[in-house]
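A short write-up of the structure that comes next.
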Amino acid sequence: MSPTPPPSRPRLTIFGRGSYAESLRIGEILRKETVGGALLVAAAVIALIWANSPVSASYFALRDFKFGYEPWHLELSLGAWAADGLLAIFFFLVGLELKREFIAGDLRQLDKSIVPVAAAVGGVAIPAVIYAVVNLVSPETLRGWAIPTATDIAFAVAVLAIIGSHLPSALRIFLLTLAVVDDLIAITIIAVFYTSDLQPLPLLLALLPLALYTYLAHKYRRFFGTRAAAAWVILLPLGAATWALVHASGIHATVAGVLLGIAIPVLRSQASGGPEAGPGLAEVFEHRFRPISAGVAVPIFAFFSAGVAVGGWDGLVSALTDPVAIGIIMALVLGKPIGIMGTTWLLTKVTKARLDNSFKWIDVFGVSLLAGIGFTVSLLVAELSFGHGSLHDDHAKVGILAASVLAALLATVVLRARNRQYRQAEEAEKVDSDQDGIPDVYQQDDSAR
């Protein structure tokens, strides 16, 4: 009698459905980011029109208007305040989301985190290599290798909301988690490669308010979760002190935003019922501060960063033929989908994983094209690479804008066609269920139950 063979292990499913609670939470985030994306695009368009209008001088005068306390190195222009200050709120949300995903979200499970993490790494590495190859002979422009590495989640989600209402929810979740990991890599690159004239003393002093902030957030998490004003009165001054000291140290101040976000506890304390009793302080803060980030901070940053004087047709041609712009466009439009798709496909070969049955590889390709929308963080890295208002910075901005629009258009072509097919399939299923006398409730997607 032959021995019974051991049971085979289930194959890893790429882009499979996550937990119901996680789907609801991410769905809410996507709705907020959709509104934020619309505001971001509107702010960028207004800035471009104003910067190229007969009254363009007033735009640049507003952007370059300085105020602040110079002894603390805080006499900054409005544009710098937007990049260093307001964008720290965006990165604070990134820190919250990262910690939430890897401690209590679906990404705490290796089989669900390996794909978006690996795809994000591929989506960062390949664009960086393409840009570096294009600018290899110019050390001055080679410094911008990190510009095309980031995906703008608000812009991308806004496009996806317009063109992809019937696409599988797993694709939307993949885009969000991909962008979150993407942001982590981007902020690491900023901290490591774009720190100039490091001052150890302010950096060491920053640990004091950060440590107190972390202690209070963990010790009194229930207090800060139930009393919104307490966070503004107690935690905000400590966070501002941490931000100011990190800024004075030479490290870009947005890094402080990530650290402050990661310092917030994710899980509920036992006194509040434990992890199963409801959302922790990180999720509570995410609900409170995401509207500020998506609706105020990021659009204002886009307004002050996207305004570039093109200089007419000749100026546009000059910008687009600069190796900086060429490298950015090629990296975002070609490098992003190659890196994300290639890494994902390679995982299916190495791990014998399979694509979820609910969609096709063409859907993944469409989302990979959408990831080529690099806007907010790319604009920030361009300023850090070449200096605010420099010629290469202006050309980089033109390249970022052109690449983002082109990536959005290409993704629209692919995903709108796929969205139409999914809509037709849903309508056919509804007709079949009506003919069979089956209530619609039984035809709902598993992820919506």
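By order of appearance in the structure tokens: chains A, B, ..., then residues from 1 within every chain, and ligands from 1 in the order shown.
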
Item to check | Test item: residues at most 12 Å from Ala417 in chain A, only C-alpha atoms, excluding those fewer than 2 positions along its chain, as a ChimeraX atom specification | outcome: /A:163-167,362-363,366,410-415,419-424

Checklist entry - Any idea what's packed within 6 Å of Pro299 in chain A, counting only C-alpha atoms, ignoring anything in its chain fewer than 5 positions away? Could you give it as a PyMOL selection string? => result chain A and resi 39-40+43

Next on the checklist: Can you tell me, as a ChimeraX atom specification, which residues in range 128-260 of chain A count as alpha helix (DSSP H) by DSSP?
Outcome noted: /A:128-134,139-142,153-163,169-193,200-219,221-226,228-230,236-249,254-260

Please report, as CSV, each residue of range 91-154 of chain A lying at most 12 Å from range 79-87 of chain A, together with the nearest pair of atoms and the separation in Å rounded to one decimal; use only C-alpha atoms, and order rows by chain and ascending residue number.
residue,atom,partner,partner_atom,distance
A:Phe91,CA,A:Leu87,CA,6.4
A:Phe92,CA,A:Leu87,CA,8.6
A:Leu93,CA,A:Leu87,CA,10.0
A:Val94,CA,A:Leu87,CA,10.7

Pull the closest atom pair for each residue of range 36-75 of chain A that gets at most 10 Å from range 246-262 of chain A, along with the distance in Å to one decimal, counting only C-alpha atoms, ordering rows by chain and then ascending residue number, as a tab-separated table.
residue	atom	partner	partner_atom	distance
A:Trp72	CA	A:Ala248	CA	7.2
A:His73	CA	A:Ala248	CA	6.5
A:Leu74	CA	A:Ala248	CA	8.4

Checklist entry - For Glu140 in chain A, which of A:Ile190, A:Ile153, A:Ile49, A:Leu391 is the closest residue, counting only C-alpha atoms? => result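 Of A:Ile190, A:Ile153, A:Ile49, A:Leu391, the one nearest Glu140 in chain A, counting only C-alpha atoms, is A:Leu391.
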
Checklist entry - Hey, what's within 8 Å of Ala51 in chain A if we count only C-alpha atoms and toss same-chain stuff fewer than 2 positions away? As a list in words, please? => result Ala47, Leu48, Ile49, Ser53, Val55, Ser56, Ala57, Tyr59, Phe60, Gly307, Val308 and Ala309 of chain A
